[in-house]
Each structure stands twice: as structure tokens, then as C-alpha cells.
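Colleague: Here you go, query.csv (CSV, C-alpha atoms and all ligand atoms):
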```csv
chain,number,residue,atom,x,y,z
A,270,MET,CA,24.2,18.4,21.4
A,271,ALA,CA,22.0,15.9,19.7
A,272,VAL,CA,19.0,14.9,21.6
A,273,LYS,CA,18.7,11.2,22.2
A,274,THR,CA,15.4,10.0,20.7
A,275,TRP,CA,12.7,8.8,23.1
A,276,ARG,CA,11.2,6.7,20.3
A,277,LYS,CA,11.7,3.0,19.9
A,278,PRO,CA,13.5,1.9,16.8
A,279,ASN,CA,11.1,1.0,14.1
A,280,PRO,CA,11.1,-2.8,14.0
A,281,HIS,CA,9.5,-2.8,10.5
A,282,LYS,CA,8.3,-6.3,10.9
A,283,PRO,CA,5.1,-7.8,12.3
A,284,ASN,CA,4.9,-9.3,15.7
A,285,PHE,CA,4.6,-12.9,14.4
A,286,GLY,CA,4.8,-14.1,18.0
A,287,HIS,CA,1.2,-13.1,18.4
A,288,GLY,CA,0.2,-15.0,15.2
A,289,GLU,CA,-2.2,-13.8,12.6
A,290,TYR,CA,-5.5,-12.3,13.8
A,291,ALA,CA,-8.3,-10.6,11.9
A,292,VAL,CA,-9.0,-6.9,12.2
A,293,PRO,CA,-12.6,-5.7,12.1
A,294,ALA,CA,-13.4,-4.1,8.8
A,295,THR,CA,-13.0,-0.4,9.4
A,296,ARG,CA,-14.2,2.6,7.5
A,297,PHE,CA,-11.7,5.4,8.2
A,298,PHE,CA,-12.7,8.0,5.5
A,299,ASP,CA,-16.0,8.6,3.8
A,300,GLN,CA,-14.9,6.4,0.9
A,301,LEU,CA,-12.1,4.3,2.3
A,302,SER,CA,-12.0,1.2,4.5
A,303,PHE,CA,-9.5,-1.4,5.6
A,304,ILE,CA,-10.2,-5.2,5.5
A,305,GLY,CA,-7.6,-7.6,6.6
A,306,ASN,CA,-5.5,-9.0,9.4
A,307,ASN,CA,-2.5,-7.7,11.4
A,308,ILE,CA,-0.1,-8.9,8.7
A,309,VAL,CA,-1.7,-7.9,5.4
A,310,GLY,CA,-4.9,-6.5,4.2
A,311,CYS,CA,-6.7,-4.6,1.5
A,312,PHE,CA,-8.5,-1.3,1.0
A,313,VAL,CA,-12.1,-0.7,-0.2
A,314,LEU,CA,-12.5,2.5,-2.1
A,315,GLU,CA,-16.1,3.4,-2.7
A,316,THR,CA,-17.1,5.4,-5.8
A,317,SER,CA,-20.4,6.6,-7.3
A,318,GLU,CA,-20.5,3.5,-9.4
A,319,GLY,CA,-19.5,0.7,-7.1
A,320,PHE,CA,-16.3,0.0,-5.2
A,321,ILE,CA,-12.7,-1.0,-5.8
A,322,LEU,CA,-10.5,-3.3,-3.9
A,323,ILE,CA,-6.9,-2.2,-3.7
A,324,ASP,CA,-4.8,-5.4,-3.2
A,325,CYS,CA,-6.6,-8.6,-2.0
A,326,MET,CA,-4.4,-10.6,0.4
A,327,GLU,CA,-3.1,-14.2,0.1
A,328,PRO,CA,-4.8,-17.0,-2.0
A,329,TYR,CA,-6.2,-18.6,1.1
A,330,ASP,CA,-9.8,-19.5,1.7
A,331,ALA,CA,-9.6,-17.8,5.1
A,332,HIS,CA,-8.4,-14.5,3.5
A,333,ARG,CA,-11.1,-14.7,0.9
A,334,ASP,CA,-13.7,-15.3,3.6
A,335,LEU,CA,-12.4,-12.4,5.6
A,336,ILE,CA,-12.7,-10.0,2.7
A,337,VAL,CA,-16.2,-11.3,1.9
A,338,LYS,CA,-17.3,-10.8,5.5
A,339,GLY,CA,-15.6,-7.4,5.6
A,340,ILE,CA,-17.5,-6.2,2.5
A,341,ALA,CA,-20.8,-7.2,4.1
A,342,ASP,CA,-19.8,-5.7,7.5
A,343,LEU,CA,-19.2,-2.4,5.7
A,344,GLY,CA,-22.7,-2.6,4.4
A,345,LEU,CA,-21.6,-3.2,0.8
A,346,GLU,CA,-22.7,-5.8,-1.7
A,347,LEU,CA,-20.2,-8.1,-3.5
A,348,LYS,CA,-22.0,-7.4,-6.8
A,349,ASP,CA,-20.8,-3.8,-6.6
A,350,LEU,CA,-17.2,-4.8,-6.7
A,351,LYS,CA,-16.1,-3.4,-10.0
A,352,ALA,CA,-12.3,-3.6,-10.0
A,353,ILE,CA,-9.3,-4.8,-8.2
A,354,LEU,CA,-6.1,-2.7,-8.4
A,355,ILE,CA,-3.0,-4.5,-7.4
A,356,THR,CA,0.2,-2.8,-6.1
A,357,HIS,CA,2.6,-5.6,-7.1
A,358,GLY,CA,3.1,-9.2,-8.1
A,359,HIS,CA,3.5,-10.9,-4.8
A,360,GLY,CA,0.9,-13.4,-3.7
A,361,ASP,CA,-0.1,-11.6,-0.6
A,362,HIS,CA,-1.4,-8.7,-2.7
A,363,TYR,CA,-3.2,-10.5,-5.5
A,364,GLY,CA,-4.1,-13.8,-3.9
A,365,THR,CA,-7.9,-13.7,-4.1
A,366,ALA,CA,-8.2,-11.7,-7.3
A,367,ASP,CA,-9.0,-14.8,-9.3
A,368,TRP,CA,-11.9,-15.8,-7.1
A,369,PHE,CA,-13.4,-12.3,-6.9
A,370,ARG,CA,-13.3,-12.0,-10.6
A,371,ASP,CA,-15.1,-15.3,-11.1
A,372,GLN,CA,-17.8,-14.2,-8.6
A,373,THR,CA,-18.4,-10.7,-9.6
A,374,GLY,CA,-16.9,-10.2,-13.1
A,375,CYS,CA,-14.8,-7.4,-11.7
A,376,LYS,CA,-11.8,-6.3,-13.7
A,377,ILE,CA,-8.2,-6.7,-12.5
A,378,TYR,CA,-5.5,-4.1,-13.0
A,379,MET,CA,-1.8,-4.2,-12.3
A,380,SER,CA,1.4,-3.3,-14.1
A,381,GLU,CA,2.4,-5.4,-17.1
A,382,VAL,CA,5.8,-5.9,-15.7
A,383,ASP,CA,4.5,-7.4,-12.5
A,384,TYR,CA,1.9,-9.4,-14.3
A,385,LYS,CA,4.7,-11.3,-16.0
A,386,PHE,CA,6.9,-11.2,-12.9
A,387,ALA,CA,4.1,-12.9,-10.9
A,388,GLN,CA,3.9,-15.7,-13.4
A,389,GLN,CA,7.6,-16.5,-12.9
A,390,ASP,CA,8.1,-15.6,-9.3
A,391,LYS,CA,9.2,-18.6,-7.2
A,392,ARG,CA,7.3,-17.1,-4.3
A,393,ASN,CA,4.1,-17.0,-6.2
A,394,ARG,CA,1.6,-18.8,-4.0
A,395,THR,CA,-0.8,-19.7,-6.7
A,396,GLY,CA,1.5,-21.2,-9.3
A,397,VAL,CA,0.8,-20.0,-12.8
A,398,LEU,CA,-1.8,-17.2,-12.7
A,399,LYS,CA,-5.2,-18.2,-13.9
A,400,TRP,CA,-6.7,-14.8,-14.1
A,401,GLU,CA,-6.5,-12.4,-17.0
A,402,VAL,CA,-5.6,-8.8,-16.3
A,403,TYR,CA,-8.0,-6.7,-18.3
A,404,ASP,CA,-5.9,-3.7,-18.3
A,405,PHE,CA,-2.4,-2.7,-17.4
A,406,LEU,CA,-1.6,0.4,-15.5
A,407,ASP,CA,1.6,2.3,-16.4
A,408,ASP,CA,3.4,5.2,-14.9
A,409,GLY,CA,1.1,8.2,-14.7
A,410,ASP,CA,-2.0,6.3,-15.7
A,411,ILE,CA,-5.3,7.3,-14.2
A,412,PHE,CA,-7.8,4.6,-13.3
A,413,GLU,CA,-11.4,6.1,-13.3
A,414,LEU,CA,-14.6,4.7,-11.9
A,415,GLY,CA,-17.6,6.9,-11.4
A,416,ASP,CA,-16.6,10.0,-9.5
A,417,THR,CA,-13.2,8.6,-8.5
A,418,LYS,CA,-9.7,8.7,-9.9
A,419,VAL,CA,-6.8,6.6,-8.8
A,420,TYR,CA,-3.4,7.9,-10.0
A,421,ALA,CA,-0.9,5.1,-10.6
A,422,PHE,CA,2.9,5.6,-10.5
A,423,LYS,CA,5.6,3.0,-11.1
A,424,THR,CA,7.8,2.7,-8.1
A,425,PRO,CA,9.9,-0.4,-8.8
A,426,GLY,CA,12.4,-2.0,-6.4
A,427,HIS,CA,10.4,-4.1,-4.1
A,428,SER,CA,9.2,-5.8,-7.3
A,429,PRO,CA,10.1,-4.9,-10.8
A,430,GLY,CA,6.8,-3.4,-11.7
A,431,CYS,CA,5.5,-2.2,-8.3
A,432,LEU,CA,2.8,0.5,-8.5
A,433,SER,CA,2.1,3.2,-5.9
A,434,PHE,CA,-1.3,4.9,-5.8
A,435,ILE,CA,-2.7,8.3,-5.0
A,436,PHE,CA,-6.3,9.3,-4.7
A,437,ARG,CA,-8.7,11.7,-2.9
A,438,VAL,CA,-10.9,11.0,0.0
A,439,SER,CA,-12.9,13.1,2.5
A,440,ASP,CA,-13.8,13.2,6.1
A,441,GLU,CA,-16.0,15.7,8.0
A,442,GLY,CA,-16.3,17.9,4.9
A,443,ARG,CA,-12.6,18.1,4.3
A,444,GLU,CA,-10.7,16.6,1.4
A,445,HIS,CA,-7.5,14.7,1.8
A,446,TRP,CA,-5.0,13.0,-0.6
A,447,VAL,CA,-4.0,9.5,0.2
A,448,GLU,CA,-0.6,8.0,-0.9
A,449,MET,CA,-0.1,4.3,-0.9
A,450,TRP,CA,3.6,3.2,-1.3
A,451,GLY,CA,3.1,-0.1,-3.2
A,452,GLY,CA,5.9,-2.3,-1.9
A,453,SER,CA,7.6,-1.7,1.4
A,454,GLY,CA,10.2,-4.4,2.0
A,455,LEU,CA,13.7,-4.0,0.8
A,456,PRO,CA,14.8,-6.3,-2.1
A,457,TYR,CA,17.8,-8.5,-1.7
A,458,SER,CA,20.1,-7.7,-4.6
A,459,MET,CA,22.1,-4.6,-4.8
A,460,SER,CA,20.8,-3.7,-8.2
A,461,ASP,CA,17.2,-4.0,-7.0
A,462,LYS,CA,18.1,-1.8,-4.1
A,463,ALA,CA,19.5,0.8,-6.4
A,464,VAL,CA,16.2,0.7,-8.4
A,465,TYR,CA,14.3,0.9,-5.1
A,466,MET,CA,16.3,4.0,-4.2
A,467,GLU,CA,15.4,5.7,-7.4
A,468,SER,CA,11.7,5.2,-6.6
A,469,CYS,CA,12.3,6.5,-3.1
A,470,ILE,CA,13.6,9.7,-4.7
A,471,LYS,CA,10.9,9.9,-7.3
A,472,PHE,CA,7.7,9.3,-5.3
A,473,PRO,CA,8.1,12.1,-2.7
A,474,LYS,CA,8.2,14.6,-5.6
A,475,ILE,CA,4.9,13.3,-6.8
A,476,THR,CA,3.2,13.2,-3.4
A,477,GLU,CA,4.4,16.7,-2.8
A,478,ARG,CA,2.7,17.8,-6.0
A,479,PHE,CA,-0.6,16.2,-4.9
A,480,GLY,CA,-0.2,17.5,-1.4
A,481,CYS,CA,-0.8,14.0,0.1
A,482,ASP,CA,-1.6,14.2,3.8
A,483,VAL,CA,-2.6,10.6,4.4
A,484,GLU,CA,-0.4,7.4,3.9
A,485,ILE,CA,-1.7,3.9,3.9
A,486,SER,CA,-0.1,0.5,3.5
A,487,SER,CA,-1.3,-3.1,2.8
A,488,HIS,CA,0.8,-4.1,5.7
A,489,PRO,CA,-0.8,-2.4,8.7
A,490,PHE,CA,2.1,-3.2,11.1
A,491,ILE,CA,4.6,-0.8,9.4
A,492,ASP,CA,2.9,2.4,10.3
A,493,LYS,CA,0.9,1.7,13.4
A,494,SER,CA,-2.3,1.4,11.4
A,495,LEU,CA,-3.6,-1.4,13.7
A,496,GLU,CA,-3.6,1.0,16.6
A,497,ARG,CA,-4.9,3.9,14.4
A,498,LEU,CA,-7.8,1.8,13.1
A,499,GLU,CA,-8.6,0.9,16.7
A,500,ILE,CA,-8.9,4.6,17.5
A,501,VAL,CA,-11.0,5.2,14.4
A,502,ARG,CA,-13.5,2.4,15.4
A,503,ASP,CA,-14.2,4.4,18.6
A,504,ILE,CA,-13.9,8.0,17.2
A,505,PHE,CA,-16.6,10.6,17.3
A,506,ASP,CA,-17.4,13.9,15.5
A,507,GLY,CA,-14.8,16.6,15.7
A,508,VAL,CA,-11.9,14.4,16.9
A,509,ALA,CA,-9.0,14.5,14.5
A,510,ASN,CA,-8.6,11.5,12.2
A,511,PRO,CA,-5.4,9.7,13.1
A,512,PHE,CA,-4.8,8.9,9.5
A,513,VAL,CA,-4.6,12.6,8.5
A,514,ILE,CA,-1.0,13.1,9.4
A,515,GLY,CA,-0.2,16.1,7.1
A,516,ARG,CA,2.5,16.7,4.5
A,517,GLU,CA,5.5,16.7,6.9
A,518,ALA,CA,4.6,13.4,8.5
A,519,CYS,CA,4.0,11.8,5.0
A,520,ALA,CA,7.4,13.0,4.0
A,521,ARG,CA,8.9,11.4,7.1
A,522,PHE,CA,7.2,8.2,6.3
A,523,GLU,CA,8.6,8.3,2.8
A,524,ASP,CA,12.0,9.1,4.2
A,525,MET,CA,11.9,6.0,6.4
A,526,PHE,CA,12.1,3.9,3.2
A,527,THR,CA,14.9,5.9,1.8
A,528,GLN,CA,16.9,5.6,4.9
A,529,MET,CA,16.2,1.9,5.1
A,530,CYS,CA,17.4,1.5,1.5
A,531,ILE,CA,20.6,3.5,2.2
A,532,ALA,CA,21.3,1.4,5.3
A,533,GLY,CA,20.7,-1.8,3.3
A,534,LEU,CA,23.0,-0.7,0.5
A,535,LYS,CA,25.7,0.2,3.0
A,536,ARG,CA,25.5,-3.1,4.7
A,537,GLN,CA,26.3,-4.7,1.4
A,538,GLY,CA,29.7,-3.0,1.3
A,539,GLU,CA,31.7,-0.3,-0.3
A,540,GLU,CA,30.6,-1.3,-3.8
A,541,ALA,CA,27.1,-0.3,-2.9
A,542,ASP,CA,28.1,3.3,-2.5
A,543,LYS,CA,28.6,3.5,-6.2
A,544,LEU,CA,24.9,2.5,-6.7
A,545,LEU,CA,23.7,5.3,-4.5
A,546,PRO,CA,22.4,8.3,-6.5
A,547,PRO,CA,23.2,11.7,-5.1
A,548,GLN,CA,22.1,11.2,-1.6
A,549,PRO,CA,19.0,12.8,-0.4
A,550,GLU,CA,19.5,14.7,2.8
A,551,ARG,CA,17.8,13.2,5.8
A,552,LEU,CA,14.9,15.4,6.8
A,553,PRO,CA,15.9,18.0,9.5
A,554,ALA,CA,15.0,17.3,13.1
A,555,ARG,CA,11.6,18.6,14.2
A,556,LYS,CA,11.8,22.1,15.7
B,1,ZN,ZN,5.6,-7.7,-1.7
```
Would you mind giving the structure from this file in C-alpha cells?
Modeller:
Amino acid sequence: MAVKTWRKPNPHKPNFGHGEYAVPATRFFDQLSFIGNNIVGCFVLETSEGFILIDCMEPYDAHRDLIVKGIADLGLELKDLKAILITHGHGDHYGTADWFRDQTGCKIYMSEVDYKFAQQDKRNRTGVLKWEVYDFLDDGDIFELGDTKVYAFKTPGHSPGCLSFIFRVSDEGREHWVEMWGGSGLPYSMSDKAVYMESCIKFPKITERFGCDVEISSHPFIDKSLERLEIVRDIFDGVANPFVIGREACARFEDMFTQMCIAGLKRQGEEADKLLPPQPERLPARK
């Protein structure tokens, strides 16, 4: 007999009822920190030659100020910002890139497809992009700064040129591999959902190869990151890092998107079944 789950269904949406509130800038690995609010944020990845921002929130002054303050709170200097890597061409991920480039001369990287997409997207909050992308990242490209490598993979669906990233961090002398699924929300059209599904099948094979045991998202409400960051802010030596969830849990997190996509396709009717590639099995129940 199937055991009824004791877990709440994943709402997969922020609690907008409580409004937007800033989260204290939080370092949660030796090289990795979160800056942002409860809805969207960015990651600071420190290297031997300055630091990188991964995503950079909405084009609002308040978001820009939050990032500037976060960088200072982490003990870093704005002049050491060397690059901004952008997961995808929605305004809540590249919004402040322009301003930071003007201030620091940092380089901006994203996929060429989404660079063009962002310039046409009706939801683009900044109108026509002012900034120049210095380099485009393609599938399998490696971004390198100092001692750090960020592996980029194309995982389209949420947007046509969405990138997901993989990189190494450490905590208490142990190394971990972080996976960042670039775009979480399900696209509207059936054809985009079919593309999303292909990425859902592709990415786990890559994360498995790297042995990713940490997952992060620019939207901290989708994976209980707000609560986990709160734990980290009060953690002490020897206590397990709540962001190190292991291979199996990372696979379950990836599977959540696959199942969401299958459900979304099914909701759009029988025709959608034809768009489904050979269906991945749902992961077996935990023993
Ligand atoms: Zn998006």
C-alpha cells in the first residue's frame, strides 16, 4: 500500500502575501554567498582574482542598492567585481548588469540566444538593452577567473537560451559541486514545454557526471533556501551545511522540474503527449 506523504505539496511560488523583504547577505560556502530578497537574488562567487556575480536581480535602484550593500557586508570591494554571469534573458536576472558594468568595468556573459531574446522580450523591464555582452557562453563552455571555473550548459525551455551552471566550492575542508538550474518556471507554449523537457532529461546526466551535491537557485523560495540561509547564519563548526544535500537529493530536485513539466504538458491535453520524449521514470520512493 502506498504511504501517504506527510509533506506539504510544493507550492513552487513565493509567498507574495508577505511582500518583498531583503535577506541578509549570507556566505554559505568558503567562496559562495547569497545576496537578495525572498523573491529573487544573486550569488557572489569569490575567486583568487576577484569575484563574480551570478545573476543580478531586477533593474530597480532598490535591488542595485541591496547588492552594493551585500557586497560590502560580505567584506568585499566593488572594484573586485570582475564578471557577471547571467542565467537567462529575463529582467529579474540581468537587471542591474548595466549599472555594475559602468561602475566597475566588469564583463557580462550570457548566451547569445538569450541576449537577442532579452532585446525583444515584451517582459524585458529595461527596454532595449544598453549593455554590451563581452562574451557569449555556449553549451559546454568553461568560464575561468583565477582559480575558479564555471561550467555552462544550455538548458533552454524557461527561455530559449537559458544557461545552467556548475562549479566547485568548499566548506570545512571538503569540496562540493554546485548545480544551478538556470530557469525554473514552466513556459506557456507546448513547444517551449517540450524543449524544457529535453533540458530536464539532459541536465541530470551532466550533474551526475560532476557529482553535484549542492543545488542553488536565484529564486530562494523554490528550495527552502530562505530557511537554509537562516540556519547557515547561525551555524558553527562541525554542523552539517544544509546546502550539502548529496547526489540523491539533487536528483530529486531535478526530478521536481521534470514532473512539473510532464504535469504541465498533460494539462494542455492529449496532443501534448506526442511532445513527450520517452518518459523518464519517477525516482523510486525512498527506502
Ligand atoms: Zn526567468
Colleague: So how many Å separate atom CA of A:Leu432 and atom CA of A:Gly364, to one decimal?
Modeller: 16.5 Å
Colleague: Could you tell me, counting only C-alpha atoms and all ligand atoms, which protein and nucleic acid residues lie no more than 12 Å from ligand ZN 1 (chain B), written as a PyMOL selection string?
Modeller: chain A and resi 308-309+324+326-327+355-364+383+386-387+390+392-393+425-432+450-456+486-488
Colleague: What lies within 8 Å of A:Ile531 using all atoms listed in the file, ignoring chain neighbours under 3 positions off, as a ChimeraX atom specification?
Modeller: /A:466,527-528,534-535,545
Colleague: Would you mind listing what lies within 9 Å of A:Ile411 as an mmCIF file with C-alpha atoms, keeping the file's coordinate frame, with all atoms listed in the file counted and same-chain residues fewer than 5 positions away left out?
Modeller:
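Produced file out.cif, reproduced below:
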```cif
data_model
loop_
_atom_site.group_PDB
_atom_site.id
_atom_site.type_symbol
_atom_site.label_atom_id
_atom_site.label_comp_id
_atom_site.auth_asym_id
_atom_site.auth_seq_id
_atom_site.Cartn_x
_atom_site.Cartn_y
_atom_site.Cartn_z
ATOM 1 C CA LEU A 406 -1.600 0.400 -15.500
ATOM 2 C CA LYS A 418 -9.700 8.700 -9.900
ATOM 3 C CA VAL A 419 -6.800 6.600 -8.800
ATOM 4 C CA TYR A 420 -3.400 7.900 -10.000
ATOM 5 C CA ALA A 421 -0.900 5.100 -10.600
#
```
Colleague: If I take atom CA of A:Ala509 and atom CA of A:Glu477, how far is one from the other in Å, to one decimal?
Modeller: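 Atom CA of A:Glu477 lies at a distance of 22.0 Å from atom CA of A:Ala509.
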Colleague: Determine, using only C-alpha atoms, which residues of stretch 306-345 of chain A have any atom at most 10 Å from an atom of stretch 367-371 of chain A, and tabulate each with its shortest atom pair and distance in Å to one decimal place, rows ordered by chain and then rising number, as CSV.
Modeller:
```
residue,atom,partner,partner_atom,distance
A:Leu322,CA,A:Phe369,CA,9.9
A:Cys325,CA,A:Phe369,CA,9.2
A:Pro328,CA,A:Asp367,CA,8.7
A:Asp330,CA,A:Trp368,CA,9.8
A:Arg333,CA,A:Trp368,CA,8.1
A:Ile336,CA,A:Phe369,CA,9.9
A:Val337,CA,A:Phe369,CA,9.3
```
